[in-house]
Amino acid sequence: MNDPSLGYIFLDACLINNFVLAYFLGICPFLGVSGKIDTAGKMGAAVMFVMLISSVCAYGIHAFLEMINAPFLQLISFIVVIASTVQLVEMFIKKMSPALFRSLGIFLPLITTNCAILGLALFQTAKGYGFLECIVYALGAGAGFTLALILISGLREQLEFADIPKFARGTALTLIVAGILSLTFMGFAGLGS
Amino acid sequence: MSSVVETNKSNLPSSTDEFIKGLWKDNPVFVQVLGMCPVLAVTNTAENALAMGLATLFVLLMSNILVSLLRNFIPKQVRIASYILIIATFVTIIDYVIQAISVDLHKSLGAFISLIVVNCLILSRAEAFASKNGLGKSALDALGMGIGFTFALLCLGAVREVLGNGSIFGWSVFADSFQEWIVMILPAGGFFTLAFWLLLFNYWKERKV
Amino acid sequence: MSDQAITSSESRKRSLHMLKAMVGIGSMCALLIVFTYESTLSQIKENKAEALEKAIFKVLPEATASVPYEISGGELSIKGEEATTNPVVFAGYNNANELVGFAIDAKGQGYADILRILYGYDPEEQTVKGLYVLESKETPGLGDKIEKDASFLSNFEGLDASLNTNNEIQNRITTVKSGEKKNKWEIDGITGATISSRAIGEIIGTSSLELVPVLFNAANEPSVAQKPEL
């Protein structure tokens, strides 16, 4: 079997199989992030950071569980690690930069229920990635998530000025735009092969 | 004294109210817009939608019951962590149960069974309702929300399968000459179909007002 | 002073209470999970074995029984329960316990994700025949034609996998552009599903290059040609 190169893993997670637009992970913050590019960027950065840490921990946990032959504890351990990581990151940001903490607000604790992070841990385990591959995968996924967020919030900012019937505004419109974005990203398939 | 009791009686939601609200008025998908990840991902066929809905219903019901039972034992500071532990447990359980029932079904639903654990819907019901209400009401709440959720999933799954595959639950609906709208089975189709249902829902709501 | 003492002992009690609650809930959850795991384990194993057998018989229609082998160092050995990184093949036997062919497990990168397939090899005719897609995430309606398109599947009625005098595959199996198939070792690709159909050719080509020589020789060994007693 031809092992995918690191560059391909990154491209795959970021563009070809974008976590939000292809796998539907991380939709809640995706829909909830109000049309501001600024917040989107910060949220994306926070998510990428948590993804990196969770990815490394997930790799370790998986190896450990294999050793003690308890694969059924995988889900619980993953989610506990993710929740703790988010908690730590929250405390860290609060101490380091209270301004950033305030501007991120409710989004930080919501990262715990961000399907993208758990999805990342589950996918990389299913694909059997090695340590380096996990890191690159996490970076790609985080970059892809941030990219999708920024694109959507940019588009929403523009749409604020458009004349749209009342019942179509808000979530419904975001979803339609997301659908079109998703179709566009399908054009990346076959990249790098 | 008696008048106070009477007002209380008419304001408290009855058991049926707790159940019904999840179906329409507070529908998790169309109104609360919660738990979207699985909604878009596994509704490419009606069968997957149904299975996913029922699996979520199981987890929702069991965790609401357990959280309600333990609500006086769980200290406030660790309540979210405990809810997550409990939810993750039932998700792991239903994951193995599905594997035992059908390998094919498990393959189509894939990682999204595990992702039920981060379905904001379940956590929000545990926090907003089960932690504050008795066993019976919490169970009804879970049932109502779960059925409402499954109903919403089915709406999406049915439309996507009919348009994207010309079938419903595997049964052919159109003649062979029907040119399927492949886009419906693709991720983009998920976004479009949900948007369509939301539009319809909001339009209805507005006309009623 | 006494107020501080009360608060610190109270906070200790609270922390202890929190710890007890978490540990209590954690253990209860773990117990529930272990119980479910143990109860469903045998059923799940049975399901997986059944699904695999179904796939093998699809690829080797004359077979009524199958035996798993792993290949290491050019030799076949019966595969046990443990997982292995060696290539795995399934030998198919008919009712007379004669070898009818091998079902080979192979995987590679498709269009969207990894493709995992089972393909058949007939050592007597020296052909690859039969294709069953085990795992695929190809685009529905396009890439998934490799599983459904009748004319693509008819490619696998007998792909030439003959060996030359050096015990190597004479002509590597490969996918060609749709309609351009001229030789018996070529697979006619699918227009509109080029990458997926090319991936199948690539997967079979690479796998057969490595395994067919080994299997051809093994088929002549009496321990493999006759169904072994397990």
# chains A, B, ... in the order shown; residues from 1 in each chain; ligands from 1
>>> interface_residues(of="chain C", to="chain B", cutoff="7 Å", atoms="only C-alpha atoms", output="list of chain:residue names")
C:Met18, C:Ala21, C:Met22, C:Cys29, C:Ile33, C:Thr36, C:Tyr37, C:Thr40, C:Gln43, C:Ile44, C:Asn47, C:Lys48, C:Gly141
>>> interface_residues(of="chain C", to="chain A", cutoff="9 Å", atoms="only C-alpha atoms", output="PyMOL selection string")
chain C and resi 30+33-34+37+106-109+111-112+114+195+203+206-207
>>> write_last_selection(atoms="C-alpha atoms", output="PDB file, in the first residue's frame")
ATOM      1  CA  ALA C  30     -16.597   1.862  33.323  1.00  0.00           C
ATOM      2  CA  ILE C  33     -19.098  -0.309  29.391  1.00  0.00           C
ATOM      3  CA  VAL C  34     -17.141  -3.434  30.283  1.00  0.00           C
ATOM      4  CA  TYR C  37     -18.388  -5.051  25.704  1.00  0.00           C
ATOM      5  CA  ALA C 106      -5.519  -5.501  -0.729  1.00  0.00           C
ATOM      6  CA  LYS C 107      -5.866  -1.780  -0.187  1.00  0.00           C
ATOM      7  CA  GLY C 108      -4.667   1.525  -1.590  1.00  0.00           C
ATOM      8  CA  GLN C 109      -5.538   5.167  -2.016  1.00  0.00           C
ATOM      9  CA  TYR C 111     -10.221   9.143  -4.932  1.00  0.00           C
ATOM     10  CA  ALA C 112     -11.669  10.118  -1.572  1.00  0.00           C
ATOM     11  CA  ILE C 114      -8.509   4.329   1.254  1.00  0.00           C
ATOM     12  CA  ILE C 195      -9.333   8.020 -10.554  1.00  0.00           C
ATOM     13  CA  ILE C 203      -4.140  -1.828  -6.081  1.00  0.00           C
ATOM     14  CA  THR C 206       0.818  -3.913  -6.988  1.00  0.00           C
ATOM     15  CA  SER C 207      -0.664  -6.671  -4.887  1.00  0.00           C
TER      16      SER C 207
END
>>> closest_atom_pairs(of="chain B", to="chain A", cutoff="6 Å", atoms="only C-alpha atoms", output="JSON lines")
{"residue": "B:Cys37", "atom": "CA", "partner": "A:Phe24", "partner_atom": "CA", "distance": 5.3}
{"residue": "B:Ala41", "atom": "CA", "partner": "A:Phe24", "partner_atom": "CA", "distance": 5.9}
{"residue": "B:Ala88", "atom": "CA", "partner": "A:Ile76", "partner_atom": "CA", "distance": 5.6}
{"residue": "B:Val118", "atom": "CA", "partner": "A:Thr113", "partner_atom": "CA", "distance": 4.7}
{"residue": "B:Pro187", "atom": "CA", "partner": "A:Ala22", "partner_atom": "CA", "distance": 5.6}
{"residue": "B:Ala188", "atom": "CA", "partner": "A:Gly179", "partner_atom": "CA", "distance": 4.2}
{"residue": "B:Phe191", "atom": "CA", "partner": "A:Gly179", "partner_atom": "CA", "distance": 4.9}
{"residue": "B:Phe192", "atom": "CA", "partner": "A:Ile176", "partner_atom": "CA", "distance": 5.4}
{"residue": "B:Ala195", "atom": "CA", "partner": "A:Ala172", "partner_atom": "CA", "distance": 4.5}
{"residue": "B:Leu198", "atom": "CA", "partner": "A:Ala172", "partner_atom": "CA", "distance": 5.9}
{"residue": "B:Leu199", "atom": "CA", "partner": "A:Ala168", "partner_atom": "CA", "distance": 5.7}
{"residue": "B:Asn202", "atom": "CA", "partner": "A:Phe167", "partner_atom": "CA", "distance": 5.4}
{"residue": "B:Tyr203", "atom": "CA", "partner": "A:Phe167", "partner_atom": "CA", "distance": 5.5}
>>> write_last_selection(atoms="N, CA and C atoms", output="short mmCIF file (atom, residue, chain, number, x, y, z; two decimals), in the first residue's frame")
data_model
loop_
_atom_site.label_atom_id
_atom_site.label_comp_id
_atom_site.auth_asym_id
_atom_site.auth_seq_id
_atom_site.Cartn_x
_atom_site.Cartn_y
_atom_site.Cartn_z
N CYS B 37 -24.09 18.36 13.48
CA CYS B 37 -23.10 17.55 12.77
C CYS B 37 -23.69 16.25 12.23
N ALA B 41 -24.48 14.86 8.24
CA ALA B 41 -23.59 13.81 7.75
C ALA B 41 -24.26 12.48 7.46
N ALA B 88 -20.95 9.73 27.40
CA ALA B 88 -19.95 8.95 26.67
C ALA B 88 -20.14 7.46 26.92
N VAL B 118 -20.77 14.32 21.47
CA VAL B 118 -20.63 15.77 21.47
C VAL B 118 -21.83 16.45 20.83
N PRO B 187 -22.07 16.10 0.48
CA PRO B 187 -22.18 17.01 1.62
C PRO B 187 -22.97 18.27 1.30
N ALA B 188 -22.75 18.83 0.10
CA ALA B 188 -23.44 20.06 -0.24
C ALA B 188 -24.95 19.86 -0.16
N PHE B 191 -26.32 20.36 3.28
CA PHE B 191 -26.51 21.78 3.61
C PHE B 191 -27.78 22.32 2.97
N PHE B 192 -27.93 22.03 1.64
CA PHE B 192 -29.07 22.60 0.92
C PHE B 192 -30.40 22.10 1.47
N ALA B 195 -31.24 23.65 4.75
CA ALA B 195 -31.62 25.04 4.53
C ALA B 195 -33.05 25.10 4.04
N LEU B 198 -35.47 24.43 6.87
CA LEU B 198 -35.49 25.57 7.77
C LEU B 198 -36.30 26.72 7.18
N LEU B 199 -36.07 26.95 5.87
CA LEU B 199 -36.81 28.01 5.20
C LEU B 199 -38.31 27.76 5.31
N ASN B 202 -39.50 28.27 8.93
CA ASN B 202 -39.59 29.68 9.30
C ASN B 202 -40.72 30.37 8.59
N TYR B 203 -40.92 30.03 7.33
CA TYR B 203 -41.99 30.65 6.54
C TYR B 203 -43.34 30.33 7.16
#
>>> residues_around(residues="Phe58 (chain B)", least_positions_apart="4", cutoff="9 Å", atoms="only C-alpha atoms", output="ChimeraX atom specification")
/B:53-54,62-63,90-91,94,142-143,146
>>> residues_around(residues="region 145-152 of chain A", least_positions_apart="5", cutoff="6 Å", atoms="only C-alpha atoms", output="compact mmCIF listing (two decimals) with N, CA and C atoms, in the first residue's frame")
# COMPACT_ATOMS: atom_id res chain seq x y z
N ILE A 37 -15.16 38.33 10.66
CA ILE A 37 -13.93 37.62 10.29
C ILE A 37 -12.99 37.55 11.48
N ALA A 40 -13.87 34.83 13.89
CA ALA A 40 -13.66 33.56 13.21
C ALA A 40 -12.20 33.15 13.28
N GLY A 44 -10.77 29.91 15.21
CA GLY A 44 -10.02 28.92 14.43
C GLY A 44 -8.68 28.61 15.06
>>> atom_distance(atom1="CA of Asp17 (chain B)", atom2="CA of Val67 (chain B)")
20.7 Å
>>> atom_distance(atom1="CA of Phe161 (chain A)", atom2="CA of Phe30 (chain A)")
20.5 Å
>>> select_by_dssp(residues="region 20-206 of chain B", states="strand (DSSP E)", output="ChimeraX atom specification")
/B:167-168,171-172
>>> residues_around(residues="Tyr121 (chain C)", least_positions_apart="3", cutoff="6 Å", atoms="only C-alpha atoms", output="list in words")
Gly101, Phe102, Thr127, Val128 and Lys129 of chain C
>>> select_by_dssp(residues="region 78-230 of chain C", states="helix (DSSP H, G or I)", output="ChimeraX atom specification")
/C:145-148,150-157,194-218,222-225
>>> write_last_selection(atoms="N, CA and C atoms", output="CSV table (one decimal), in the first residue's frame")
chain,number,residue,atom,x,y,z
C,145,LYS,N,-19.2,3.6,-8.9
C,145,LYS,CA,-19.4,2.8,-10.1
C,145,LYS,C,-18.5,1.6,-10.1
C,146,ILE,N,-17.4,1.7,-9.4
C,146,ILE,CA,-16.4,0.5,-9.4
C,146,ILE,C,-17.1,-0.7,-8.7
C,147,GLU,N,-18.1,-0.4,-7.9
C,147,GLU,CA,-18.8,-1.5,-7.2
C,147,GLU,C,-20.1,-1.9,-8.0
C,148,LYS,N,-20.6,-1.0,-8.8
C,148,LYS,CA,-22.0,-1.3,-9.3
C,148,LYS,C,-22.0,-1.4,-10.8
C,150,ALA,N,-21.9,-2.7,-14.3
C,150,ALA,CA,-21.8,-4.1,-14.8
C,150,ALA,C,-20.6,-4.2,-15.8
C,151,SER,N,-20.4,-3.2,-16.7
C,151,SER,CA,-19.4,-3.4,-17.6
C,151,SER,C,-18.0,-3.3,-17.0
C,152,PHE,N,-17.9,-2.5,-15.9
C,152,PHE,CA,-16.6,-2.5,-15.2
C,152,PHE,C,-16.3,-3.8,-14.5
C,153,LEU,N,-17.3,-4.3,-13.9
C,153,LEU,CA,-17.1,-5.6,-13.2
C,153,LEU,C,-16.9,-6.7,-14.2
C,154,SER,N,-17.3,-6.6,-15.4
C,154,SER,CA,-17.1,-7.7,-16.3
C,154,SER,C,-15.6,-7.8,-16.7
C,155,ASN,N,-14.8,-6.7,-16.4
C,155,ASN,CA,-13.4,-6.8,-16.5
C,155,ASN,C,-12.8,-7.9,-15.8
C,156,PHE,N,-13.4,-8.3,-14.7
C,156,PHE,CA,-12.8,-9.2,-13.7
C,156,PHE,C,-13.3,-10.6,-14.0
C,157,GLU,N,-13.6,-10.9,-15.2
C,157,GLU,CA,-14.0,-12.3,-15.5
C,157,GLU,C,-12.7,-13.2,-15.8
C,194,THR,N,-12.5,8.1,-13.4
C,194,THR,CA,-11.1,7.7,-13.8
C,194,THR,C,-10.3,7.3,-12.7
C,195,ILE,N,-10.3,8.2,-11.7
C,195,ILE,CA,-9.3,8.0,-10.6
C,195,ILE,C,-9.7,6.8,-9.8
C,196,SER,N,-11.0,6.6,-9.5
C,196,SER,CA,-11.4,5.4,-8.8
C,196,SER,C,-11.0,4.1,-9.5
C,197,SER,N,-11.3,4.1,-10.8
C,197,SER,CA,-11.0,2.8,-11.6
C,197,SER,C,-9.6,2.6,-11.7
C,198,ARG,N,-8.8,3.7,-11.9
C,198,ARG,CA,-7.4,3.6,-11.9
C,198,ARG,C,-6.8,3.1,-10.6
C,199,ALA,N,-7.4,3.5,-9.5
C,199,ALA,CA,-6.9,3.1,-8.2
C,199,ALA,C,-7.1,1.6,-8.1
C,200,ILE,N,-8.2,1.0,-8.6
C,200,ILE,CA,-8.4,-0.4,-8.5
C,200,ILE,C,-7.3,-1.1,-9.3
C,201,GLY,N,-7.0,-0.6,-10.4
C,201,GLY,CA,-6.0,-1.3,-11.2
C,201,GLY,C,-4.6,-1.2,-10.5
C,202,GLU,N,-4.4,-0.1,-9.9
C,202,GLU,CA,-3.1,0.1,-9.2
C,202,GLU,C,-3.0,-0.9,-8.0
C,203,ILE,N,-4.1,-1.0,-7.2
C,203,ILE,CA,-4.1,-1.8,-6.1
C,203,ILE,C,-3.9,-3.3,-6.5
C,204,ILE,N,-4.7,-3.7,-7.5
C,204,ILE,CA,-4.5,-5.1,-7.9
C,204,ILE,C,-3.1,-5.4,-8.5
C,205,GLY,N,-2.7,-4.4,-9.3
C,205,GLY,CA,-1.4,-4.5,-10.0
C,205,GLY,C,-0.3,-4.7,-9.0
C,206,THR,N,-0.2,-3.8,-8.0
C,206,THR,CA,0.8,-3.9,-7.0
C,206,THR,C,0.7,-5.2,-6.2
C,207,SER,N,-0.5,-5.5,-5.7
C,207,SER,CA,-0.7,-6.7,-4.9
C,207,SER,C,-0.3,-8.0,-5.6
C,208,SER,N,-0.8,-8.1,-6.9
C,208,SER,CA,-0.6,-9.3,-7.6
C,208,SER,C,0.9,-9.5,-8.0
C,209,LEU,N,1.6,-8.4,-8.2
C,209,LEU,CA,3.0,-8.4,-8.5
C,209,LEU,C,3.7,-9.1,-7.4
C,210,GLU,N,3.3,-8.8,-6.2
C,210,GLU,CA,4.0,-9.4,-5.0
C,210,GLU,C,3.5,-10.8,-4.7
C,211,LEU,N,2.2,-11.0,-4.8
C,211,LEU,CA,1.7,-12.2,-4.2
C,211,LEU,C,1.5,-13.4,-5.1
C,212,VAL,N,1.1,-13.1,-6.4
C,212,VAL,CA,0.8,-14.1,-7.3
C,212,VAL,C,1.9,-15.2,-7.5
C,213,PRO,N,3.2,-14.8,-7.6
C,213,PRO,CA,4.2,-15.8,-7.7
C,213,PRO,C,4.2,-16.7,-6.5
C,214,VAL,N,4.1,-16.2,-5.3
C,214,VAL,CA,4.1,-17.0,-4.1
C,214,VAL,C,2.9,-17.9,-4.1
C,215,LEU,N,1.7,-17.4,-4.5
C,215,LEU,CA,0.5,-18.2,-4.5
C,215,LEU,C,0.5,-19.3,-5.5
C,216,PHE,N,1.1,-19.0,-6.7
C,216,PHE,CA,1.2,-20.0,-7.8
C,216,PHE,C,1.9,-21.2,-7.3
C,217,ASN,N,3.1,-20.9,-6.7
C,217,ASN,CA,3.9,-22.0,-6.2
C,217,ASN,C,3.2,-22.8,-5.0
C,218,ALA,N,2.6,-22.0,-4.1
C,218,ALA,CA,1.9,-22.6,-3.0
C,218,ALA,C,0.8,-23.5,-3.4
C,222,PRO,N,1.0,-29.8,-1.6
C,222,PRO,CA,-0.1,-30.6,-1.1
C,222,PRO,C,-0.8,-30.0,0.1
C,223,SER,N,0.0,-29.4,1.0
C,223,SER,CA,-0.6,-28.9,2.2
C,223,SER,C,-1.6,-27.8,2.0
C,224,VAL,N,-1.5,-27.1,0.8
C,224,VAL,CA,-2.4,-26.0,0.5
C,224,VAL,C,-3.4,-26.5,-0.5
C,225,ALA,N,-3.0,-27.4,-1.4
C,225,ALA,CA,-3.9,-27.8,-2.5
C,225,ALA,C,-5.1,-28.6,-1.9
>>> residues_around(residues="Phe57 (chain C)", least_positions_apart="5", cutoff="10 Å", atoms="only C-alpha atoms", output="PDB file with N, CA and C atoms, in the first residue's frame")
ATOM      1  N   LEU C  52     -17.082 -11.393   6.196  1.00  0.00           N
ATOM      2  CA  LEU C  52     -15.878 -11.711   5.447  1.00  0.00           C
ATOM      3  C   LEU C  52     -16.101 -12.942   4.576  1.00  0.00           C
ATOM      4  N   GLU C  62     -16.949 -20.824  -6.562  1.00  0.00           N
ATOM      5  CA  GLU C  62     -16.986 -22.289  -6.443  1.00  0.00           C
ATOM      6  C   GLU C  62     -16.608 -22.760  -5.052  1.00  0.00           C
ATOM      7  N   ALA C  63     -16.174 -21.844  -4.211  1.00  0.00           N
ATOM      8  CA  ALA C  63     -15.701 -22.263  -2.895  1.00  0.00           C
ATOM      9  C   ALA C  63     -16.857 -22.454  -1.930  1.00  0.00           C
ATOM     10  N   THR C  64     -16.718 -23.442  -1.050  1.00  0.00           N
ATOM     11  CA  THR C  64     -17.719 -23.630  -0.006  1.00  0.00           C
ATOM     12  C   THR C  64     -17.100 -23.481   1.372  1.00  0.00           C
ATOM     13  N   ALA C  65     -15.781 -23.406   1.408  1.00  0.00           N
ATOM     14  CA  ALA C  65     -15.104 -23.210   2.696  1.00  0.00           C
ATOM     15  C   ALA C  65     -13.859 -22.372   2.447  1.00  0.00           C
ATOM     16  N   SER C  66     -13.399 -21.668   3.457  1.00  0.00           N
ATOM     17  CA  SER C  66     -12.192 -20.866   3.261  1.00  0.00           C
ATOM     18  C   SER C  66     -11.270 -20.985   4.464  1.00  0.00           C
ATOM     19  N   GLY C  92      -9.787 -20.738  -0.988  1.00  0.00           N
ATOM     20  CA  GLY C  92     -11.146 -21.269  -1.104  1.00  0.00           C
ATOM     21  C   GLY C  92     -11.114 -22.722  -1.524  1.00  0.00           C
ATOM     22  N   ALA C 103      -8.584 -15.704  -2.367  1.00  0.00           N
ATOM     23  CA  ALA C 103      -9.158 -14.362  -2.286  1.00  0.00           C
ATOM     24  C   ALA C 103      -8.135 -13.495  -1.570  1.00  0.00           C
ATOM     25  N   GLY C 120      -9.976 -12.146  -6.546  1.00  0.00           N
ATOM     26  CA  GLY C 120      -9.717 -13.578  -6.620  1.00  0.00           C
ATOM     27  C   GLY C 120      -8.584 -13.900  -7.568  1.00  0.00           C
ATOM     28  N   GLY C 130     -12.848 -11.883 -10.258  1.00  0.00           N
ATOM     29  CA  GLY C 130     -13.692 -11.521  -9.134  1.00  0.00           C
ATOM     30  C   GLY C 130     -13.148 -10.298  -8.424  1.00  0.00           C
ATOM     31  N   TYR C 132     -14.406  -7.617  -5.168  1.00  0.00           N
ATOM     32  CA  TYR C 132     -15.415  -7.222  -4.171  1.00  0.00           C
ATOM     33  C   TYR C 132     -14.823  -6.069  -3.378  1.00  0.00           C
TER      34      TYR C 132
END
>>> atom_distance(atom1="CA of Met51 (chain A)", atom2="CA of Phe131 (chain A)")
13.9 Å
>>> residues_around(residues="Ala141 (chain A)", least_positions_apart="3", cutoff="6 Å", atoms="only C-alpha atoms", output="list in words")
Ala13, Cys14, Ala138 and Gly144 of chain A
>>> write_last_selection(atoms="C-alpha atoms", output="PDB file, in the first residue's frame")
ATOM      1  CA  ALA A  13      -7.371  17.458   5.926  1.00  0.00           C
ATOM      2  CA  CYS A  14      -7.333  21.109   4.903  1.00  0.00           C
ATOM      3  CA  ALA A 138      -4.235  17.976  13.255  1.00  0.00           C
ATOM      4  CA  GLY A 144      -9.100  23.733   7.115  1.00  0.00           C
TER       5      GLY A 144
END
>>> decode(residues="region 37-115 of chain A", atoms="C-alpha atoms", output="mmCIF file, in the first residue's frame")
data_model
loop_
_atom_site.group_PDB
_atom_site.id
_atom_site.type_symbol
_atom_site.label_atom_id
_atom_site.label_comp_id
_atom_site.auth_asym_id
_atom_site.auth_seq_id
_atom_site.Cartn_x
_atom_site.Cartn_y
_atom_site.Cartn_z
ATOM 1 C CA ILE A 37 -13.928 37.624 10.290
ATOM 2 C CA ASP A 38 -12.046 38.688 13.394
ATOM 3 C CA THR A 39 -13.828 36.321 15.783
ATOM 4 C CA ALA A 40 -13.658 33.559 13.211
ATOM 5 C CA GLY A 41 -9.900 33.792 13.017
ATOM 6 C CA LYS A 42 -9.466 33.681 16.783
ATOM 7 C CA MET A 43 -11.868 30.783 17.153
ATOM 8 C CA GLY A 44 -10.021 28.919 14.434
ATOM 9 C CA ALA A 45 -6.694 29.468 16.127
ATOM 10 C CA ALA A 46 -8.019 28.236 19.467
ATOM 11 C CA VAL A 47 -9.516 25.161 17.822
ATOM 12 C CA MET A 48 -6.285 24.387 15.970
ATOM 13 C CA PHE A 49 -4.370 24.600 19.209
ATOM 14 C CA VAL A 50 -6.742 22.280 21.060
ATOM 15 C CA MET A 51 -6.678 19.930 18.073
ATOM 16 C CA LEU A 52 -2.899 19.662 18.194
ATOM 17 C CA ILE A 53 -2.841 18.799 21.865
ATOM 18 C CA SER A 54 -5.788 16.404 21.641
ATOM 19 C CA SER A 55 -4.250 14.717 18.637
ATOM 20 C CA VAL A 56 -1.020 13.978 20.476
ATOM 21 C CA CYS A 57 -2.902 12.807 23.560
ATOM 22 C CA ALA A 58 -5.229 10.645 21.466
ATOM 23 C CA TYR A 59 -2.228 8.957 19.897
ATOM 24 C CA GLY A 60 -0.802 8.212 23.310
ATOM 25 C CA ILE A 61 -4.097 7.013 24.753
ATOM 26 C CA HIS A 62 -4.723 4.723 21.817
ATOM 27 C CA ALA A 63 -1.292 3.159 22.150
ATOM 28 C CA PHE A 64 -1.813 2.712 25.890
ATOM 29 C CA LEU A 65 -5.276 1.184 25.537
ATOM 30 C CA GLU A 66 -3.972 -1.245 22.931
ATOM 31 C CA MET A 67 -1.311 -2.304 25.401
ATOM 32 C CA ILE A 68 -3.741 -3.011 28.222
ATOM 33 C CA ASN A 69 -6.297 -4.424 25.774
ATOM 34 C CA ALA A 70 -9.165 -2.121 26.679
ATOM 35 C CA PRO A 71 -10.294 -0.594 23.380
ATOM 36 C CA PHE A 72 -13.777 0.028 24.727
ATOM 37 C CA LEU A 73 -12.487 2.812 26.973
ATOM 38 C CA GLN A 74 -11.358 4.782 23.934
ATOM 39 C CA LEU A 75 -14.314 7.129 23.579
ATOM 40 C CA ILE A 76 -14.488 7.984 27.259
ATOM 41 C CA SER A 77 -10.759 8.644 27.545
ATOM 42 C CA PHE A 78 -10.731 10.803 24.427
ATOM 43 C CA ILE A 79 -13.577 12.982 25.602
ATOM 44 C CA VAL A 80 -12.125 13.358 29.087
ATOM 45 C CA VAL A 81 -8.797 14.443 27.615
ATOM 46 C CA ILE A 82 -10.454 16.920 25.274
ATOM 47 C CA ALA A 83 -12.554 18.421 28.063
ATOM 48 C CA SER A 84 -9.500 18.758 30.285
ATOM 49 C CA THR A 85 -7.426 20.284 27.490
ATOM 50 C CA VAL A 86 -10.062 22.887 26.806
ATOM 51 C CA GLN A 87 -10.267 23.643 30.520
ATOM 52 C CA LEU A 88 -6.490 24.089 30.688
ATOM 53 C CA VAL A 89 -6.393 26.239 27.576
ATOM 54 C CA GLU A 90 -9.152 28.392 29.024
ATOM 55 C CA MET A 91 -7.240 28.910 32.277
ATOM 56 C CA PHE A 92 -4.046 29.595 30.350
ATOM 57 C CA ILE A 93 -5.623 32.225 28.099
ATOM 58 C CA LYS A 94 -7.362 33.829 31.062
ATOM 59 C CA LYS A 95 -4.029 34.296 32.778
ATOM 60 C CA MET A 96 -1.942 35.221 29.760
ATOM 61 C CA SER A 97 -4.320 37.579 28.026
ATOM 62 C CA PRO A 98 -7.585 38.543 29.757
ATOM 63 C CA ALA A 99 -8.513 40.667 26.766
ATOM 64 C CA LEU A 100 -8.373 37.687 24.404
ATOM 65 C CA PHE A 101 -10.281 35.626 26.958
ATOM 66 C CA ARG A 102 -13.066 38.168 27.105
ATOM 67 C CA SER A 103 -13.339 38.514 23.350
ATOM 68 C CA LEU A 104 -13.575 34.729 22.868
ATOM 69 C CA GLY A 105 -16.187 34.563 25.586
ATOM 70 C CA ILE A 106 -18.549 31.624 25.447
ATOM 71 C CA PHE A 107 -16.761 30.069 22.469
ATOM 72 C CA LEU A 108 -13.936 28.597 24.512
ATOM 73 C CA PRO A 109 -15.893 26.116 26.628
ATOM 74 C CA LEU A 110 -17.959 25.295 23.546
ATOM 75 C CA ILE A 111 -14.847 23.891 21.906
ATOM 76 C CA THR A 112 -15.326 20.819 24.082
ATOM 77 C CA THR A 113 -18.490 19.912 22.243
ATOM 78 C CA ASN A 114 -16.887 20.734 18.951
ATOM 79 C CA CYS A 115 -17.346 17.540 16.968
#
